[in-house]
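Colleague: File name start_18.cif; file contents mmCIF, C-alpha atoms, pLDDT in the B column; chains and numbers go by the auth columns; full text below.
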data_input
loop_
_atom_site.group_PDB
_atom_site.id
_atom_site.type_symbol
_atom_site.label_atom_id
_atom_site.label_comp_id
_atom_site.label_asym_id
_atom_site.label_seq_id
_atom_site.Cartn_x
_atom_site.Cartn_y
_atom_site.Cartn_z
_atom_site.B_iso_or_equiv
_atom_site.auth_seq_id
_atom_site.auth_asym_id
ATOM 1 C CA MET A 1 47.802 34.800 108.179 66.00 1 L
ATOM 2 C CA MET A 2 50.107 36.674 105.818 77.00 2 L
ATOM 3 C CA ALA A 3 51.644 39.877 107.205 88.00 3 L
ATOM 4 C CA VAL A 4 50.286 43.258 106.149 91.00 4 L
ATOM 5 C CA ALA A 5 52.548 44.808 103.506 91.00 5 L
ATOM 6 C CA HIS A 6 51.111 48.333 103.834 89.00 6 L
ATOM 7 C CA LYS A 7 48.347 50.088 105.767 90.00 7 L
ATOM 8 C CA GLY A 8 46.601 53.109 104.314 89.00 8 L
ATOM 9 C CA ALA A 9 43.265 54.305 103.002 93.00 9 L
ATOM 10 C CA ILE A 10 41.679 54.721 99.579 94.00 10 L
ATOM 11 C CA SER A 11 40.726 58.375 99.051 90.00 11 L
ATOM 12 C CA PHE A 12 37.790 58.628 96.630 85.00 12 L
ATOM 13 C CA GLY A 13 36.492 62.226 96.467 83.00 13 L
ATOM 14 C CA LEU A 14 35.409 62.871 100.073 86.00 14 L
ATOM 15 C CA VAL A 15 35.116 59.132 100.764 89.00 15 L
ATOM 16 C CA HIS A 16 37.865 57.638 102.968 91.00 16 L
ATOM 17 C CA ILE A 17 38.233 53.829 102.949 94.00 17 L
ATOM 18 C CA PRO A 18 40.831 52.402 105.404 93.00 18 L
ATOM 19 C CA ILE A 19 42.464 49.272 103.936 94.00 19 L
ATOM 20 C CA SER A 20 45.400 46.922 104.348 93.00 20 L
ATOM 21 C CA LEU A 21 47.510 45.625 101.464 94.00 21 L
ATOM 22 C CA TYR A 22 48.624 41.991 101.353 94.00 22 L
ATOM 23 C CA ARG A 23 51.018 40.416 98.862 94.00 23 L
ATOM 24 C CA THR A 24 49.380 38.120 96.310 94.00 24 L
ATOM 25 C CA THR A 25 52.352 35.780 95.910 92.00 25 L
ATOM 26 C CA GLN A 26 54.906 33.865 97.954 89.00 26 L
ATOM 27 C CA ASP A 27 58.419 32.711 97.138 87.00 27 L
ATOM 28 C CA ASN A 28 58.556 28.901 96.945 89.00 28 L
ATOM 29 C CA HIS A 29 62.029 28.648 95.430 89.00 29 L
ATOM 30 C CA ILE A 30 64.590 26.414 97.106 89.00 30 L
ATOM 31 C CA ALA A 31 67.214 28.577 98.779 90.00 31 L
ATOM 32 C CA PHE A 32 70.897 27.697 99.172 90.00 32 L
ATOM 33 C CA ASN A 33 73.250 29.054 101.820 91.00 33 L
ATOM 34 C CA GLN A 34 76.825 29.984 100.975 91.00 34 L
ATOM 35 C CA LEU A 35 79.300 27.796 102.896 90.00 35 L
ATOM 36 C CA CYS A 36 83.045 27.782 103.365 90.00 36 L
ATOM 37 C CA LYS A 37 84.401 25.095 101.023 89.00 37 L
ATOM 38 C CA SER A 38 86.724 23.574 103.637 89.00 38 L
ATOM 39 C CA SER A 39 84.823 23.960 106.957 90.00 39 L
ATOM 40 C CA LYS A 40 81.268 23.867 105.530 88.00 40 L
ATOM 41 C CA GLN A 41 80.320 26.705 107.885 91.00 41 L
ATOM 42 C CA ARG A 42 77.937 29.507 106.870 91.00 42 L
ATOM 43 C CA VAL A 43 79.562 32.517 105.223 90.00 43 L
ATOM 44 C CA ARG A 44 78.734 35.629 107.256 88.00 44 L
ATOM 45 C CA TYR A 45 78.722 39.111 105.778 86.00 45 L
ATOM 46 C CA LYS A 46 79.774 42.030 107.951 88.00 46 L
ATOM 47 C CA LYS A 47 79.113 45.733 107.372 90.00 47 L
ATOM 48 C CA PHE A 48 82.554 47.237 107.717 90.00 48 L
ATOM 49 C CA CYS A 49 83.782 50.852 107.603 91.00 49 L
ATOM 50 C CA GLY A 50 87.279 51.046 106.110 87.00 50 L
ATOM 51 C CA ASN A 51 87.857 54.501 107.590 89.00 51 L
ATOM 52 C CA CYS A 52 86.888 53.552 111.157 90.00 52 L
ATOM 53 C CA GLU A 53 88.319 50.042 110.704 88.00 53 L
ATOM 54 C CA LYS A 54 85.455 48.460 112.595 91.00 54 L
ATOM 55 C CA GLU A 55 82.290 46.422 112.028 90.00 55 L
ATOM 56 C CA LEU A 56 79.134 48.531 112.032 91.00 56 L
ATOM 57 C CA LYS A 57 75.864 47.839 113.827 90.00 57 L
ATOM 58 C CA ALA A 58 72.454 49.000 112.584 88.00 58 L
ATOM 59 C CA ASP A 59 72.547 52.092 114.808 90.00 59 L
ATOM 60 C CA ASP A 60 75.880 53.133 113.272 91.00 60 L
ATOM 61 C CA ILE A 61 74.441 53.367 109.740 92.00 61 L
ATOM 62 C CA VAL A 62 72.606 56.354 108.210 92.00 62 L
ATOM 63 C CA LYS A 63 71.125 57.036 104.752 92.00 63 L
ATOM 64 C CA GLY A 64 73.044 59.391 102.477 92.00 64 L
ATOM 65 C CA TYR A 65 72.405 60.749 98.971 91.00 65 L
ATOM 66 C CA GLN A 66 75.551 61.285 96.883 93.00 66 L
ATOM 67 C CA TYR A 67 75.238 64.681 95.145 91.00 67 L
ATOM 68 C CA GLU A 68 78.930 64.873 94.150 92.00 68 L
ATOM 69 C CA LYS A 69 81.755 62.357 94.198 92.00 69 L
ATOM 70 C CA ASP A 70 82.355 61.372 97.850 89.00 70 L
ATOM 71 C CA LYS A 71 79.918 64.068 99.055 93.00 71 L
ATOM 72 C CA TYR A 72 76.649 63.047 100.701 93.00 72 L
ATOM 73 C CA VAL A 73 73.632 64.726 102.247 93.00 73 L
ATOM 74 C CA ILE A 74 72.347 62.727 105.224 92.00 74 L
ATOM 75 C CA MET A 75 68.605 62.032 105.590 90.00 75 L
ATOM 76 C CA THR A 76 67.299 60.591 108.858 88.00 76 L
ATOM 77 C CA GLN A 77 64.227 58.350 108.998 84.00 77 L
ATOM 78 C CA ALA A 78 62.421 61.052 110.991 85.00 78 L
ATOM 79 C CA GLU A 79 63.109 63.594 108.213 83.00 79 L
ATOM 80 C CA LEU A 80 61.863 61.177 105.556 79.00 80 L
ATOM 81 C CA ASP A 81 58.688 60.452 107.566 75.00 81 L
ATOM 82 C CA ALA A 82 58.102 64.176 108.198 76.00 82 L
ATOM 83 C CA MET A 83 57.841 64.812 104.443 74.00 83 L
ATOM 84 C CA LYS A 84 54.942 62.379 104.098 66.00 84 L
ATOM 85 C CA THR A 85 51.625 64.204 104.194 60.00 85 L
ATOM 86 C CA GLU A 86 48.303 62.526 104.937 55.00 86 L
ATOM 87 C CA LYS A 87 47.733 62.578 101.171 57.00 87 L
ATOM 88 C CA ASP A 88 50.967 60.608 100.680 60.00 88 L
ATOM 89 C CA ARG A 89 49.826 57.983 103.199 69.00 89 L
ATOM 90 C CA SER A 90 46.463 57.643 101.414 86.00 90 L
ATOM 91 C CA ILE A 91 45.849 55.820 98.149 92.00 91 L
ATOM 92 C CA HIS A 92 44.548 58.900 96.353 92.00 92 L
ATOM 93 C CA ILE A 93 42.446 58.120 93.268 94.00 93 L
ATOM 94 C CA LEU A 94 43.362 60.468 90.400 95.00 94 L
ATOM 95 C CA GLN A 95 41.119 59.180 87.597 96.00 95 L
ATOM 96 C CA PHE A 96 39.245 56.207 86.167 97.00 96 L
ATOM 97 C CA CYS A 97 39.940 54.520 82.822 97.00 97 L
ATOM 98 C CA ASP A 98 39.437 51.307 80.850 95.00 98 L
ATOM 99 C CA LEU A 99 41.732 48.419 81.811 92.00 99 L
ATOM 100 C CA HIS A 100 42.873 47.975 78.193 93.00 100 L
ATOM 101 C CA ASP A 101 44.160 51.574 78.219 95.00 101 L
ATOM 102 C CA ILE A 102 47.081 50.382 80.382 96.00 102 L
ATOM 103 C CA ASP A 103 49.845 48.574 78.489 96.00 103 L
ATOM 104 C CA ASP A 104 50.993 45.353 80.219 95.00 104 L
ATOM 105 C CA ILE A 105 54.579 46.673 80.283 96.00 105 L
ATOM 106 C CA TYR A 106 53.596 49.119 83.068 97.00 106 L
ATOM 107 C CA TYR A 107 52.548 46.432 85.586 96.00 107 L
ATOM 108 C CA GLU A 108 54.975 45.596 88.387 95.00 108 L
ATOM 109 C CA LYS A 109 53.492 43.953 91.546 95.00 109 L
ATOM 110 C CA ASN A 110 50.051 42.881 92.783 96.00 110 L
ATOM 111 C CA TYR A 111 48.438 43.359 96.214 97.00 111 L
ATOM 112 C CA TYR A 112 45.107 42.349 97.712 97.00 112 L
ATOM 113 C CA ALA A 113 43.346 45.437 99.109 97.00 113 L
ATOM 114 C CA ILE A 114 41.310 44.312 102.135 96.00 114 L
ATOM 115 C CA PRO A 115 38.961 46.756 103.919 96.00 115 L
ATOM 116 C CA ASP A 116 39.484 47.443 107.621 95.00 116 L
ATOM 117 C CA ASN A 117 36.592 46.869 110.027 95.00 117 L
ATOM 118 C CA GLY A 118 33.873 49.465 109.472 93.00 118 L
ATOM 119 C CA SER A 119 34.925 50.401 105.926 94.00 119 L
ATOM 120 C CA GLU A 120 33.391 47.407 104.136 96.00 120 L
ATOM 121 C CA LYS A 121 30.351 49.271 102.721 95.00 121 L
ATOM 122 C CA ALA A 122 32.351 52.104 101.129 95.00 122 L
ATOM 123 C CA TYR A 123 34.856 49.529 99.817 96.00 123 L
ATOM 124 C CA GLU A 124 32.060 47.429 98.301 96.00 124 L
ATOM 125 C CA LEU A 125 30.468 50.508 96.715 95.00 125 L
ATOM 126 C CA LEU A 126 33.762 51.391 95.009 96.00 126 L
ATOM 127 C CA ARG A 127 34.387 47.792 93.881 97.00 127 L
ATOM 128 C CA LEU A 128 30.850 47.340 92.536 97.00 128 L
ATOM 129 C CA THR A 129 30.794 50.716 90.763 96.00 129 L
ATOM 130 C CA MET A 130 34.081 50.006 88.978 97.00 130 L
ATOM 131 C CA LYS A 131 32.965 46.454 88.144 97.00 131 L
ATOM 132 C CA GLN A 132 29.634 47.551 86.649 96.00 132 L
ATOM 133 C CA SER A 133 31.200 50.370 84.625 96.00 133 L
ATOM 134 C CA ASP A 134 34.120 48.135 83.578 96.00 134 L
ATOM 135 C CA LYS A 135 36.643 50.703 84.841 97.00 135 L
ATOM 136 C CA VAL A 136 39.848 50.702 86.890 97.00 136 L
ATOM 137 C CA ALA A 137 41.117 53.520 89.095 97.00 137 L
ATOM 138 C CA ILE A 138 44.520 55.184 88.715 97.00 138 L
ATOM 139 C CA ALA A 139 45.936 56.298 92.069 96.00 139 L
ATOM 140 C CA LYS A 140 49.110 57.309 93.900 94.00 140 L
ATOM 141 C CA THR A 141 50.535 56.581 97.335 92.00 141 L
ATOM 142 C CA VAL A 142 53.924 56.507 99.043 87.00 142 L
ATOM 143 C CA LEU A 143 55.309 53.013 99.623 85.00 143 L
ATOM 144 C CA GLY A 144 58.556 53.204 101.596 76.00 144 L
ATOM 145 C CA THR A 145 60.395 56.223 100.205 73.00 145 L
ATOM 146 C CA LYS A 146 58.855 56.101 96.731 84.00 146 L
ATOM 147 C CA GLU A 147 55.659 57.684 95.454 89.00 147 L
ATOM 148 C CA THR A 148 54.063 54.770 93.652 94.00 148 L
ATOM 149 C CA LEU A 149 51.586 54.800 90.782 96.00 149 L
ATOM 150 C CA LEU A 150 48.751 52.283 91.200 96.00 150 L
ATOM 151 C CA ALA A 151 45.876 50.696 89.325 97.00 151 L
ATOM 152 C CA LEU A 152 42.868 49.576 91.421 97.00 152 L
ATOM 153 C CA CYS A 153 41.207 46.685 89.589 97.00 153 L
ATOM 154 C CA PRO A 154 37.783 45.332 90.668 97.00 154 L
ATOM 155 C CA LYS A 155 37.443 41.544 90.969 97.00 155 L
ATOM 156 C CA GLU A 156 34.439 39.384 91.888 95.00 156 L
ATOM 157 C CA ASP A 157 35.050 39.604 95.653 96.00 157 L
ATOM 158 C CA TYR A 158 37.854 42.106 96.204 97.00 158 L
ATOM 159 C CA ILE A 159 39.940 44.928 94.751 98.00 159 L
ATOM 160 C CA LEU A 160 43.339 44.027 93.337 97.00 160 L
ATOM 161 C CA ILE A 161 45.932 46.807 93.468 97.00 161 L
ATOM 162 C CA LYS A 162 48.656 46.716 90.838 97.00 162 L
ATOM 163 C CA THR A 163 51.758 48.887 91.186 96.00 163 L
ATOM 164 C CA LEU A 164 52.742 50.577 87.932 97.00 164 L
ATOM 165 C CA PHE A 165 56.032 51.786 86.527 97.00 165 L
ATOM 166 C CA TYR A 166 56.217 55.465 85.620 96.00 166 L
ATOM 167 C CA TYR A 167 56.544 56.418 81.963 96.00 167 L
ATOM 168 C CA ASP A 168 60.202 57.449 82.375 96.00 168 L
ATOM 169 C CA GLU A 169 61.045 54.054 83.926 96.00 169 L
ATOM 170 C CA ILE A 170 60.103 52.175 80.750 96.00 170 L
ATOM 171 C CA VAL A 171 62.972 51.709 78.317 96.00 171 L
ATOM 172 C CA ALA A 172 62.568 51.431 74.557 94.00 172 L
ATOM 173 C CA VAL A 173 62.946 48.170 72.642 92.00 173 L
ATOM 174 C CA PRO A 174 66.741 47.632 72.732 93.00 174 L
ATOM 175 C CA LYS A 175 67.261 47.119 69.008 94.00 175 L
ATOM 176 C CA ALA A 176 65.408 47.114 65.723 94.00 176 L
ATOM 177 C CA PHE A 177 64.785 43.812 63.980 93.00 177 L
ATOM 178 C CA ALA A 178 63.415 42.654 60.656 95.00 178 L
ATOM 179 C CA HIS A 179 59.750 41.751 60.076 93.00 179 L
ATOM 180 C CA PRO A 180 59.912 39.252 57.188 92.00 180 L
ATOM 181 C CA LYS A 181 56.890 38.823 54.955 93.00 181 L
ATOM 182 C CA ILE A 182 54.748 35.829 55.968 91.00 182 L
ATOM 183 C CA SER A 183 52.907 33.851 53.269 92.00 183 L
ATOM 184 C CA SER A 184 49.224 32.934 53.554 93.00 184 L
ATOM 185 C CA LYS A 185 50.188 29.215 53.635 91.00 185 L
ATOM 186 C CA GLU A 186 52.515 29.788 56.595 91.00 186 L
ATOM 187 C CA THR A 187 49.833 31.771 58.408 93.00 187 L
ATOM 188 C CA LYS A 188 47.223 29.075 57.732 93.00 188 L
ATOM 189 C CA ILE A 189 49.343 26.197 59.081 91.00 189 L
ATOM 190 C CA ALA A 190 50.448 28.286 62.078 91.00 190 L
ATOM 191 C CA LEU A 191 46.773 29.011 62.863 92.00 191 L
ATOM 192 C CA GLN A 192 46.053 25.268 62.685 91.00 192 L
ATOM 193 C CA LEU A 193 48.841 24.623 65.187 90.00 193 L
ATOM 194 C CA LEU A 194 47.572 27.391 67.464 89.00 194 L
ATOM 195 C CA ASP A 195 44.010 26.051 67.276 90.00 195 L
ATOM 196 C CA SER A 196 45.151 22.490 68.084 89.00 196 L
ATOM 197 C CA MET A 197 46.933 23.767 71.217 88.00 197 L
ATOM 198 C CA ASN A 198 44.120 26.095 72.338 89.00 198 L
ATOM 199 C CA ALA A 199 42.592 25.345 75.768 89.00 199 L
ATOM 200 C CA PRO A 200 41.320 27.256 78.813 92.00 200 L
ATOM 201 C CA PHE A 201 44.123 28.445 81.093 89.00 201 L
ATOM 202 C CA GLU A 202 44.167 26.284 84.245 92.00 202 L
ATOM 203 C CA PRO A 203 47.056 27.499 86.443 89.00 203 L
ATOM 204 C CA MET A 204 46.811 24.476 88.790 90.00 204 L
ATOM 205 C CA GLN A 205 48.124 22.161 86.072 90.00 205 L
ATOM 206 C CA TYR A 206 51.458 23.993 85.832 86.00 206 L
ATOM 207 C CA VAL A 207 54.219 23.347 88.351 87.00 207 L
ATOM 208 C CA ASP A 208 57.889 24.283 88.591 86.00 208 L
ATOM 209 C CA GLU A 209 59.388 21.011 87.328 87.00 209 L
ATOM 210 C CA TYR A 210 62.965 22.181 87.850 84.00 210 L
ATOM 211 C CA GLN A 211 62.250 22.873 91.543 88.00 211 L
ATOM 212 C CA GLN A 212 60.747 19.383 91.857 88.00 212 L
ATOM 213 C CA ARG A 213 63.840 17.778 90.294 85.00 213 L
ATOM 214 C CA LEU A 214 66.062 19.918 92.508 86.00 214 L
ATOM 215 C CA MET A 215 64.270 18.794 95.693 88.00 215 L
ATOM 216 C CA GLU A 216 64.442 15.161 94.548 87.00 216 L
ATOM 217 C CA ALA A 217 68.203 15.557 93.997 87.00 217 L
ATOM 218 C CA ILE A 218 68.604 17.135 97.455 86.00 218 L
ATOM 219 C CA GLN A 219 66.712 14.250 99.068 89.00 219 L
ATOM 220 C CA LYS A 220 68.932 11.757 97.220 87.00 220 L
ATOM 221 C CA LYS A 221 72.043 13.555 98.462 83.00 221 L
ATOM 222 C CA ILE A 222 70.671 13.499 102.014 85.00 222 L
ATOM 223 C CA HIS A 223 70.244 9.723 101.750 86.00 223 L
ATOM 224 C CA GLY A 224 73.622 9.194 100.085 83.00 224 L
ATOM 225 C CA GLN A 225 72.252 8.344 96.640 78.00 225 L
ATOM 226 C CA GLU A 226 73.839 9.260 93.334 76.00 226 L
ATOM 227 C CA ILE A 227 72.314 12.063 91.266 68.00 227 L
ATOM 228 C CA VAL A 228 71.497 10.948 87.703 65.00 228 L
ATOM 229 C CA LYS A 229 71.883 13.572 84.990 68.00 229 L
ATOM 230 C CA ALA A 230 68.566 14.713 83.490 63.00 230 L
ATOM 231 C CA LYS A 231 67.825 13.447 79.988 67.00 231 L
ATOM 232 C CA PRO A 232 68.304 16.109 77.302 66.00 232 L
ATOM 233 C CA THR A 233 65.206 17.265 75.427 60.00 233 L
ATOM 234 C CA GLU A 234 65.026 15.621 72.005 59.00 234 L
ATOM 235 C CA SER A 235 65.046 17.948 69.017 56.00 235 L
ATOM 236 C CA ASP A 236 64.613 17.134 65.349 55.00 236 L
ATOM 237 C CA ASN A 237 66.424 20.371 64.435 56.00 237 L
ATOM 238 C CA ILE A 238 64.130 21.047 61.459 55.00 238 L
ATOM 239 C CA ALA A 239 65.498 23.908 59.384 62.00 239 L
ATOM 240 C CA ASP A 240 62.497 24.631 57.139 81.00 240 L
ATOM 241 C CA LEU A 241 59.732 26.678 58.826 80.00 241 L
ATOM 242 C CA MET A 242 56.845 25.070 56.900 79.00 242 L
ATOM 243 C CA ASP A 243 58.113 21.543 57.644 84.00 243 L
ATOM 244 C CA ALA A 244 58.445 22.426 61.310 82.00 244 L
ATOM 245 C CA LEU A 245 54.891 23.794 61.415 79.00 245 L
ATOM 246 C CA LYS A 246 53.411 20.771 59.584 82.00 246 L
ATOM 247 C CA GLN A 247 55.201 18.260 61.819 85.00 247 L
ATOM 248 C CA SER A 248 54.132 20.219 64.877 83.00 248 L
ATOM 249 C CA VAL A 249 50.465 19.994 63.813 82.00 249 L
ATOM 250 C CA VAL A 250 50.783 16.227 63.262 84.00 250 L
ATOM 251 C CA MET A 251 52.471 15.754 66.653 82.00 251 L
ATOM 252 C CA GLN A 252 49.809 17.841 68.376 82.00 252 L
ATOM 253 C CA LYS A 253 46.994 15.792 66.771 78.00 253 L
ATOM 254 C CA LYS A 254 48.624 12.539 67.969 77.00 254 L
ATOM 255 C CA SER A 255 49.065 14.027 71.433 73.00 255 L
ATOM 256 C CA GLY A 256 45.424 15.142 71.533 65.00 256 L
ATOM 257 C CA SER A 257 44.230 11.706 70.386 59.00 257 L
ATOM 258 C CA SER A 258 46.279 9.996 73.120 57.00 258 L
ATOM 259 C CA ARG A 259 44.785 12.292 75.780 53.00 259 L
ATOM 260 C CA LYS A 260 41.221 11.518 74.616 50.00 260 L
ATOM 261 C CA LYS A 261 41.887 7.747 74.806 50.00 261 L
ATOM 262 C CA ALA A 262 43.303 8.149 78.293 45.00 262 L
ATOM 263 C CA ILE A 263 40.180 10.080 79.369 43.00 263 L
ATOM 264 C CA ARG A 264 37.852 7.372 77.989 46.00 264 L
ATOM 265 C CA HIS A 265 39.690 4.672 79.924 48.00 265 L
#
Before anything else, please render the file you have as C-alpha cells.
Modeller:
Amino acid sequence: MMAVAHKGAISFGLVHIPISLYRTTQDNHIAFNQLCKSSKQRVRYKKFCGNCEKELKADDIVKGYQYEKDKYVIMTQAELDAMKTEKDRSIHILQFCDLHDIDDIYYEKNYYAIPDNGSEKAYELLRLTMKQSDKVAIAKTVLGTKETLLALCPKEDYILIKTLFYYDEIVAVPKAFAHPKISSKETKIALQLLDSMNAPFEPMQYVDEYQQRLMEAIQKKIHGQEIVKAKPTESDNIADLMDALKQSVVMQKKSGSSRKKAIRH
C-alpha cells in the first residue's frame, strides 16, 4: 500500500475527524543515472564545506535563514516543531464555498483523505453534507514547514484534498497580446471542427507515447540493436486560417468514418 504522506485531523466546528493523506499520483517516468563518460561509473554528489575542507554528513548540517549577506539565523528541527500548535497539525476548515468560485490556477497537488479507524461516521457526514449542498471546504494546515491552503472536495466515495497556492504566489499574465476580431464564418467552421472532435473524456485511452518509444529504444540497446530515428510528423503548413479549419473538418470526418467502419467489422 502507498505510504502515508501526512497524518492529521479535519477540524469541523467541534467535530474532530482523524485522517491520513495519500498521494493521488505516482511517477512513471523513466529515470536516467549520470555516469562518468570514460569509466561508466555512477556520479556521486558530496556535500562539502569549503571552510572546513571536509565532506559533511547529515548530522553536520543545520537549517539557516539568510537575513543579510552571509549572515544566517539557525533554526533546529525541534524549534520548528515547537512552533506548530495543535491547530497547525489539524486541517482546520475556515469556510465553505462553491467549487466554481476557485479558479483552476490556484490548484497545486491532490491527496486522498482517508478516515482513520473510528472516524468513518463523522467523515461520511462531512462528505455527504458537502456533496448534497454542492459545496467544497476551504481549510488550512501545516505541511512540512509551510502553512498550506486546502480545498476539501467531496467525491462519490471519498474526500479529495487539493492544495492551493496563495493569492500572492500567483503571477500575472507575463505579457499583453492582441485579440483579433473573429468573423462569424471562422467561428462557425471552428465550432464544426470542435463538434466533430467532441467525445467523453476517457483517461485510459491516453498513454505517454514518448515513454513507450524510449523504453523500446532502451530494450533495443540492451539487445545490441540499432535505434531508428522516429518519423517526423507530417504538416501541410497551411497559411490561411479558414483553409486550415476547412481541411481539418474534412480530415476529422474521414477519420470518424474510418473508426465507424472498424467498429462494424
Colleague: Here is a test: counting only C-alpha atoms, which residue of L:Gln211, L:Phe201, L:Ser196, L:Ala78 is nearest to Asp27 (chain L)?
Modeller: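 When distances to Asp27 (chain L) are compared using only C-alpha atoms, the smallest one comes from L:Gln211.
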Colleague: Using all atoms listed in the file, which residue out of L:Tyr65, L:Phe32, L:Tyr45, L:Tyr112 lies closest to His6 (chain L)?
Modeller: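 The shortest atom-to-atom distance to His6 (chain L) comes from L:Tyr112.
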Colleague: For Ala82 (chain L), which residue among L:Gln212, L:Asn117, L:Thr145, L:Thr163 is the nearest when counting all atoms listed in the file?
Modeller: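 Closest to Ala82 (chain L), using all atoms listed in the file: L:Thr145.
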Colleague: Box in all listed atoms of region 130-133 of chain L, axis-aligned, with 5 Å more on each side; write out centre and edge lengths in Å to one decimal as JSON.
Modeller:
{"center_x": 31.9, "center_y": 48.4, "center_z": 86.8, "size_x": 14.4, "size_y": 13.9, "size_z": 14.4}
Colleague: With all atoms listed in the file as the basis for distance, which of L:Cys49, L:Leu193, L:Lys188, L:Glu55 is at the shortest distance from Met251 (chain L)?
Modeller: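 Closest candidate: L:Leu193.
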Colleague: Hey, which of L:Asn198, L:Ser90, L:Gln34, L:Gln95 ends up closest to Ser11 (chain L)? Count all atoms listed in the file.
Modeller: L:Ser90
Colleague: Please provide as a PDB file with C-alpha atoms, in the coordinates of the input all residues within 12 Å of Met197 (chain L), with the sequence filter that same-chain residues fewer than 2 positions apart are discarded (counting all atoms listed in the file).
Modeller:
ATOM      1  CA  ALA L 190      50.448  28.286  62.078  1.00 91.00           C
ATOM      2  CA  LEU L 191      46.773  29.011  62.863  1.00 92.00           C
ATOM      3  CA  GLN L 192      46.053  25.268  62.685  1.00 91.00           C
ATOM      4  CA  LEU L 193      48.841  24.623  65.187  1.00 90.00           C
ATOM      5  CA  LEU L 194      47.572  27.391  67.464  1.00 89.00           C
ATOM      6  CA  ASP L 195      44.010  26.051  67.276  1.00 90.00           C
ATOM      7  CA  ALA L 199      42.592  25.345  75.768  1.00 89.00           C
ATOM      8  CA  PRO L 200      41.320  27.256  78.813  1.00 92.00           C
ATOM      9  CA  PHE L 201      44.123  28.445  81.093  1.00 89.00           C
ATOM     10  CA  SER L 248      54.132  20.219  64.877  1.00 83.00           C
ATOM     11  CA  VAL L 249      50.465  19.994  63.813  1.00 82.00           C
ATOM     12  CA  VAL L 250      50.783  16.227  63.262  1.00 84.00           C
ATOM     13  CA  MET L 251      52.471  15.754  66.653  1.00 82.00           C
ATOM     14  CA  GLN L 252      49.809  17.841  68.376  1.00 82.00           C
ATOM     15  CA  LYS L 253      46.994  15.792  66.771  1.00 78.00           C
ATOM     16  CA  LYS L 254      48.624  12.539  67.969  1.00 77.00           C
ATOM     17  CA  SER L 255      49.065  14.027  71.433  1.00 73.00           C
ATOM     18  CA  GLY L 256      45.424  15.142  71.533  1.00 65.00           C
TER      19      GLY L 256
END
Colleague: Can you measure CA of Arg127 (chain L) to CA of Thr148 (chain L) for me? One decimal in Å is fine.
Modeller: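 Value for the CA of Arg127 (chain L)-CA of Thr148 (chain L) distance: 20.9 Å.
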Colleague: Suppose you want the space between CA of Leu128 (chain L) and CA of Thr24 (chain L); what is it in Å?
Modeller: 21.0 Å
Colleague: Residues within 10 Å of Asn110 (chain L), please, as a PDB file with C-alpha atoms, keeping the file's coordinate frame. Count only C-alpha atoms; anything in the same chain fewer than 4 positions from it doesn't count.
Modeller:
ATOM      1  CA  LEU L  21      47.510  45.625 101.464  1.00 94.00           C
ATOM      2  CA  TYR L  22      48.624  41.991 101.353  1.00 94.00           C
ATOM      3  CA  ARG L  23      51.018  40.416  98.862  1.00 94.00           C
ATOM      4  CA  THR L  24      49.380  38.120  96.310  1.00 94.00           C
ATOM      5  CA  THR L  25      52.352  35.780  95.910  1.00 92.00           C
ATOM      6  CA  LEU L 150      48.751  52.283  91.200  1.00 96.00           C
ATOM      7  CA  ALA L 151      45.876  50.696  89.325  1.00 97.00           C
ATOM      8  CA  LEU L 152      42.868  49.576  91.421  1.00 97.00           C
ATOM      9  CA  LEU L 160      43.339  44.027  93.337  1.00 97.00           C
ATOM     10  CA  ILE L 161      45.932  46.807  93.468  1.00 97.00           C
ATOM     11  CA  LYS L 162      48.656  46.716  90.838  1.00 97.00           C
ATOM     12  CA  THR L 163      51.758  48.887  91.186  1.00 96.00           C
ATOM     13  CA  LEU L 164      52.742  50.577  87.932  1.00 97.00           C
TER      14      LEU L 164
END
Colleague: Pick out the closest residue to Leu126 (chain L) from this set: L:Ile222, L:Met75, L:Ile91, L:Ile159. Count all atoms listed in the file.
Modeller: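 Under the stated criterion, the closest residue is L:Ile159.
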Colleague: Tell me which protein, DNA and RNA residues are within 12 Å of His29 (chain L), counting all atoms listed in the file, leaving out same-chain ones fewer than 5 positions away, and put them as JSON, numbers by chain.
Modeller: {"L": [207, 208, 209, 210, 211, 212, 214, 215]}
Colleague: What does the distance between CA of Tyr107 (chain L) and CA of Ser119 (chain L) come to in Å, to one decimal place?
Modeller: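 Separating CA of Tyr107 (chain L) from CA of Ser119 (chain L) is a distance of 27.2 Å.
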